[in-house]
Structures are given as C-alpha cells and as structure tokens.
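Structure, as structure tokens:
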Amino acid sequence: MNLSDNRYSQYALVREMMDAIDVVKGFDAGRTATVADRVRSTGRLFLSGEGSSRIFPAKNAIRKALTWGLDVHVATDGSRQSAQYDLSRFVVFCASNSGRTKEVILLAKKLAREGNTDRYGLTANDGTPLADVCSETFVLNCGWEEAVAATKSAVEQALFYESILWHVAGKTPPAPSATLTAAVEEALTLPVPPEVVDAAAKASTIYFAGYNDGVAEELTLKTNEITRKKSDFLEGTYAVHGIEEVMSPDDIVFVVDPIDEEIGKFQEVLVEGVGLTVVAIANRQTPFTTLRVPDAGDMNPYLYLCAGWNVLVEIGLALGIDLDKPQRARKIGNELIVEG
C-alpha cells in the first residue's frame with residue numbers, strides 16, 4: 001500500500017489501515033492502570049463483543065496472558081453465549097465500536113441486573129446506548145471508521161486489552177518508539193509479489209492458518225469483506241488434519257508465523273499432496289514464499305495483522321473491487337434501535 005498513489009489513497013479503508021501507525025505511536029497505556037487494579041484483584045477478565053471488536057483484541061490478550069504465565073483467567077466469547085455464563089466474579093469488557101450493537105448492549109444490561117459493577121464498555125463514540133448501561137466506558141482515540149471493514153480500531157482495542165495485562169504483569173508498557181512505528185509502517189507497505197496476488201485472486205478459497213491468537217482468524221473475516229472471496233481459518237495444524245480432502249490445487253493458504261516443527265508437514269500435505277500455494281507471513285525466512293516483517297518481539301502479532309491487510313488490499317484491487325463498499329456487509333452488524 002502507498003498513500004502517495006491514488007490507486008490506494010482513494011479508499012477510506014486504506015487510509016484507516018495506515019492510521020494504525022499513529023494509533024500505535026500515540027497509544028497511552030496509562031488509561032488502563034485503574035482497570036488493571038480491578039483485574040489484579042479479581043483474577044478474572046472477560047472480553048466480549050462481536051466480529052473485529054473481539055477476535056484479535058480478545059484472543060491476542062488470552063495468548064499473552066498464558067504465555068506470560070499471569071495469575072489471571074482471561075476468556076472470551078460472543079455476547080449471546082457470554083450471557084449464559086456466570087460472570088459475577090469477572091471484570092467484563094463489552095466492546096462495540098458503534099456503541100449500538102444489540103447483542104453487546106443486552107449483555108451489559110444483564111450484568112447490570114445481576115449486580116456486576118465491573119462492567120466496562122469500549123467504543124469509538126461518545127454518548128452511546130452501551131455507555132448508558134456500563135459502569136464506565138472507554139472511548140478509543142482512533143476515531144470512527146468510514147470503511148465497513150474495521151481496521152485501526154481493532155489495533156487500538158488490542159493494545160487497550162494488552163496494556164491491562166502489562167500493568168497486571170508489572171511490565172513496563174512499551175513506550176511509543178520510532179522503531180515500532182516504523183515496523184508497523186513496513187508491514188503495511190511491504191511489496192507483495194505479483195505471483196502471490198495473482199494466485200490469491202484466482203483461488204477458489206483463501207485459507208489462513210496459524211495460532212489461535214486472533215490474527216489469522218481476523219484476516220479470514222477481512223478476506224470476506226475486502227476481497228469478497230470465500231475464506232476459512234485453520235487453527236494450528238487443522239490444515240493438515242482432514243480439510244486437505246476438499247482442498248484444490250487452485251486454493252491458497254497463508255500461514256501466519258508458522259511453527260518450525262510443523263513446516264515439514266505443511267509442505268508434505270499441502271504443497272506436495274494437494275498441490276496448492278502456501279505463503280508465510282513471518283518475521284523470518286521460511287521454505288515457503290515469505291512476506292517478511294521486522295521482528296518486534298511481543299508486538300509481532302500486530303505486524304502480522306498489518307501485513308495481512310496489505311495483502312488483502314492488493315488482492316481486492318487486482319479483482320477490481322470497491323474496497324469501501326461491500327455489497328451486503330454492514331458497519332453495524334445488528335444495531336439496537338433506541339426508540340424515543
């Protein structure tokens with residue numbers, strides 16, 4: 001992607017993806033210090049929401065908490081399923097960029113009826129119906145997005161949740177640095193080989209495989225919204241445990257941060273067996289065609305997400321798609337209509 005080229009800059013989606021650079025640069029981890037105290041006290045954090053407001057932000061936090069060995073139980077599910085749980089002892093975040101998502105608001109109302117005072121909203125707008133039913137609501141600094149597909153907001157939501165864990169773990173929050181923001185920009189603008197774009201544009205299905213930390217799953221959703229192609233998220237080694245039976249040589253699999261011990265199996269089953277194209281998104285070279293991003297340590301998932309966005313934009317443009325206007329997808333999946 002290149003904002004100096006009108007081919008890209010004409011789209012709000014691309015501009016908002018590039019805004020992720022400033023989101024990372026200007027993120028204030030101090031906002032979550034008080035909430036982190038509550039999480040440390042309860043030892044339980046539940047992150048709910050729908051779509052992009054939950055997939056990467058929540059699952060990235062879960063992976064980080066488990067990797068760091070925190071004495072905090074972090075969990076997530078969609079709002080309807082979450083409403084069936086006993087969340088009385090959890091600090092609960094209800095995320096909705098619009099602040100008007102029906103399922104999220106109904107969950108917050110249920111928690112209020114049950115007396116859970118640790119219910120928090122996370123939105124991109126002030127004065128929303130969600131804020132009316134939460135104990136406290138935090139408004140993202142990234143602002144409202146024009147494009148239907150959420151991008152920069154998912155990055156800020158993920159940083160917000162992760163910063164809670166930084167405080168709980170006693171880690172020094174990463175200070176805004178030129179190195180990190182440059183890495184994000186590099187991931188967003190790295191050249192995508194034409195043969196990768198061509199193979200993906202012709203694919204019947206675009207698959208994403210990798211860790212269950214929200215990156216590959218979120219890119220699967222973005223594939224639907226941006227390229228209008230069928231896609232599937234293959235967690236871990238799911239890609240080589242049966243689904244190869246229905247894969248075709250014209251399909252493509254993007255493996256996000258492949259685990260070294262699993263690369264041989266992917267080559268055997270997918271490349272040699274099915275005969276399809278496998279592309280890695282990683283911070284190191286792999287035996288596959290590799291879209292290589294800088295190594296940013298704990299922040300690598302953000303770079304992988306941005307590199308994936310970059311790829312999807314190229315595919316969408318190659319297919320002649322209006323990136324800002326899906327034919328059926330809506331900005332607010334299921335809006336709660338507040339009657340006057």
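Ordered as shown in the structure tokens, chains take letters A, B, and onward, while each chain numbers its residues from 1 and ligands are numbered from 1 in the order shown.
Proximity to A:Val274 at 12 Å, evaluated using only C-alpha atoms and with sequence-adjacent residues fewer than 5 positions away removed, yields Ala239, Val240, Gly242, Ile243, Glu244, Glu245, Val246, Met247, Ser248, Pro249, Asp250, Asp251, Ile252, Val253, Phe266, Gln267, Glu268 and Val269 of chain A.
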Problem - Residues flagged alpha helix (DSSP H) by DSSP in stretch 7-139 of chain A, as a PyMOL selection string - result: chain A and resi 7-9+12-26+33-42+55-68+79-82+102-113+129-132
Problem - A:Ala282 environment, 6 Å, only C-alpha atoms, sequence neighbours closer than 2 positions dropped, as a ChimeraX atom specification - result: /A:257,280,284,292
For the selection you just gave me, I'd like the residues written to a file as a short mmCIF file (atom, residue, chain, number, x, y, z; two decimals), in the first residue's frame, keeping all heavy atoms.
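Saved to out30.cif:
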data_model
loop_
_atom_site.label_atom_id
_atom_site.label_comp_id
_atom_site.auth_asym_id
_atom_site.auth_seq_id
_atom_site.Cartn_x
_atom_site.Cartn_y
_atom_site.Cartn_z
N ASP A 257 3.06 -16.81 10.93
CA ASP A 257 4.08 -17.20 11.90
C ASP A 257 4.14 -18.71 12.08
O ASP A 257 3.90 -19.24 13.16
CB ASP A 257 3.78 -16.52 13.26
CG ASP A 257 4.93 -16.66 14.25
OD1 ASP A 257 6.06 -16.94 13.82
OD2 ASP A 257 4.67 -16.50 15.47
N ALA A 280 3.87 -17.79 3.60
CA ALA A 280 4.04 -17.49 5.02
C ALA A 280 4.06 -15.99 5.25
O ALA A 280 4.56 -15.22 4.43
CB ALA A 280 5.33 -18.11 5.55
N ARG A 284 10.75 -14.05 9.77
CA ARG A 284 11.96 -14.75 9.36
C ARG A 284 11.66 -15.44 8.03
O ARG A 284 10.49 -15.62 7.67
CB ARG A 284 12.35 -15.81 10.40
CG ARG A 284 11.30 -16.91 10.53
CD ARG A 284 11.39 -17.68 11.82
NE ARG A 284 10.47 -18.81 11.85
CZ ARG A 284 9.15 -18.70 12.06
NH1 ARG A 284 8.60 -17.52 12.25
NH2 ARG A 284 8.39 -19.78 12.10
N ARG A 292 7.91 -11.12 4.68
CA ARG A 292 8.70 -10.99 5.90
C ARG A 292 8.56 -9.60 6.53
O ARG A 292 8.77 -8.58 5.86
CB ARG A 292 10.17 -11.28 5.60
CG ARG A 292 11.04 -11.35 6.83
CD ARG A 292 12.42 -11.89 6.49
NE ARG A 292 13.29 -11.91 7.65
CZ ARG A 292 14.52 -12.38 7.64
NH1 ARG A 292 15.03 -12.89 6.53
NH2 ARG A 292 15.25 -12.36 8.74
#
Practice task
Mind checking which residues fall within 10 Å of stretch 127-133 of chain A, counting only C-alpha atoms, ignoring those fewer than 4 positions away in the same chain, and posting them as a PyMOL selection string?
Solution key: chain A and resi 94-102+104-113+119-123+137-139+336-338
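Here atom CA of A:Lys171 and atom CA of A:Val24 stand 17.6 Å from one another.
Excluding A:Arg54 and any residue on its chain fewer than 5 positions from it, the residues at most 8 Å away by only C-alpha atoms are Leu47, Ser48, Gly49, Lys59, Thr76, Gly78 and Ala95 of chain A.
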Cut-off 8 Å: closest stretch 51-122 of chain A/stretch 146-163 of chain A atom pairs per residue, using only C-alpha atoms, as a Markdown table:
| residue | atom | partner | partner_atom | distance |
| --- | --- | --- | --- | --- |
| A:Ser52 | CA | A:Ala154 | CA | 6.2 |
| A:Ser53 | CA | A:Ala154 | CA | 6.0 |
| A:Phe56 | CA | A:Ala158 | CA | 6.6 |
| A:Pro57 | CA | A:Ala158 | CA | 3.8 |
| A:Ala58 | CA | A:Ala158 | CA | 6.9 |
| A:Asn60 | CA | A:Ala158 | CA | 6.9 |
| A:Ala61 | CA | A:Glu162 | CA | 5.4 |
| A:Lys64 | CA | A:Glu162 | CA | 7.6 |
| A:Asn97 | CA | A:Ser153 | CA | 7.6 |
| A:Leu122 | CA | A:Gln157 | CA | 7.8 |
Selection export as an mmCIF file, in the first residue's frame, atoms kept: C-alpha atoms:
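Saved as selection.cif:
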data_model
loop_
_atom_site.group_PDB
_atom_site.id
_atom_site.type_symbol
_atom_site.label_atom_id
_atom_site.label_comp_id
_atom_site.auth_asym_id
_atom_site.auth_seq_id
_atom_site.Cartn_x
_atom_site.Cartn_y
_atom_site.Cartn_z
ATOM 1 C CA SER A 52 -13.489 -7.496 14.754
ATOM 2 C CA SER A 53 -14.177 -5.906 18.133
ATOM 3 C CA PHE A 56 -7.988 -10.173 17.566
ATOM 4 C CA PRO A 57 -8.246 -7.911 20.633
ATOM 5 C CA ALA A 58 -9.514 -10.664 22.943
ATOM 6 C CA ASN A 60 -4.314 -11.727 21.497
ATOM 7 C CA ALA A 61 -4.829 -10.906 25.187
ATOM 8 C CA LYS A 64 -0.303 -13.103 26.029
ATOM 9 C CA ASN A 97 -17.182 0.481 18.075
ATOM 10 C CA LEU A 122 -15.123 0.029 24.887
#
Exercise for the section: Name all residues at most 10 Å from A:Asp295 (count only C-alpha atoms; drop same-chain ones fewer than 5 positions away) and give them as a VMD selection string. Expected result: chain A and resid 180 183 282 to 284 300 303
Keeping only N, CA, C and O atoms, write those residues as a short mmCIF file (atom, residue, chain, number, x, y, z; two decimals), in the first residue's frame.
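Output file out.cif follows:
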data_model
loop_
_atom_site.label_atom_id
_atom_site.label_comp_id
_atom_site.auth_asym_id
_atom_site.auth_seq_id
_atom_site.Cartn_x
_atom_site.Cartn_y
_atom_site.Cartn_z
N LEU A 180 9.21 0.80 16.58
CA LEU A 180 7.96 0.06 16.48
C LEU A 180 7.05 0.64 15.40
O LEU A 180 6.48 -0.10 14.59
N ALA A 183 8.21 -0.29 12.10
CA ALA A 183 7.93 -1.70 11.80
C ALA A 183 6.50 -1.87 11.33
O ALA A 183 6.22 -2.64 10.40
N ALA A 282 5.67 -13.92 8.20
CA ALA A 282 6.55 -14.23 9.33
C ALA A 282 7.62 -13.18 9.51
O ALA A 282 7.82 -12.31 8.64
N ASN A 283 8.34 -13.28 10.63
CA ASN A 283 9.43 -12.36 10.91
C ASN A 283 10.78 -12.96 10.54
O ASN A 283 11.83 -12.46 10.93
N ARG A 284 10.75 -14.05 9.77
CA ARG A 284 11.96 -14.75 9.36
C ARG A 284 11.66 -15.44 8.03
O ARG A 284 10.49 -15.62 7.67
N ASN A 300 4.82 -8.67 17.63
CA ASN A 300 4.79 -9.27 16.29
C ASN A 300 3.37 -9.50 15.76
O ASN A 300 3.13 -9.30 14.56
N LEU A 303 2.14 -6.75 13.66
CA LEU A 303 2.79 -6.64 12.35
C LEU A 303 2.24 -7.67 11.37
O LEU A 303 2.04 -7.37 10.19
#
Considering only C-alpha atoms, give me a table of residues in stretch 19-70 of chain A that are at most 12 Å from stretch 187-195 of chain A, with the closest atom pair and distance in Å for each, as JSON lines.
{"residue": "A:Asp19", "atom": "CA", "partner": "A:Leu188", "partner_atom": "CA", "distance": 10.3}
{"residue": "A:Ala20", "atom": "CA", "partner": "A:Leu188", "partner_atom": "CA", "distance": 9.2}
{"residue": "A:Ile21", "atom": "CA", "partner": "A:Leu188", "partner_atom": "CA", "distance": 9.0}
Write the residues you've just listed into a file as a PDB file, in the first residue's frame, and include C-alpha atoms for each of them.
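Heads up, here's the output in out.pdb:
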ATOM      1  CA  ASP A  19      -3.771   5.282  10.502  1.00  0.00           C
ATOM      2  CA  ALA A  20      -2.758   2.256  12.574  1.00  0.00           C
ATOM      3  CA  ILE A  21       0.762   3.710  12.559  1.00  0.00           C
TER       4      ILE A  21
END
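For the residues A:Phe27, A:Val279, A:Leu70, A:Glu114, ranking by smallest atom-to-atom distance to A:Trp166 using only C-alpha atoms places A:Leu70 first.
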Exercise for the section: Run DSSP on the backbone and give me the residues of stretch 53-109 of chain A it puts in strand (DSSP E or B), as a ChimeraX atom specification. Expected result: /A:73-77,91-95,101
Fill in the blank from the handout: Nearest to A:Thr277, restricted to only C-alpha atoms and choosing among A:Met18, A:Met299, A:Ile62, A:Ala203, comes out as A:Ala203
Closest pair table for stretch 14-79 of chain A residues within 12 Å of stretch 310-319 of chain A, only C-alpha atoms, as JSON lines:
{"residue": "A:Val14", "atom": "CA", "partner": "A:Val313", "partner_atom": "CA", "distance": 7.6}
{"residue": "A:Arg15", "atom": "CA", "partner": "A:Val313", "partner_atom": "CA", "distance": 11.4}
{"residue": "A:Glu16", "atom": "CA", "partner": "A:Asn310", "partner_atom": "CA", "distance": 12.0}
{"residue": "A:Met17", "atom": "CA", "partner": "A:Asn310", "partner_atom": "CA", "distance": 8.6}
{"residue": "A:Met18", "atom": "CA", "partner": "A:Asn310", "partner_atom": "CA", "distance": 9.8}
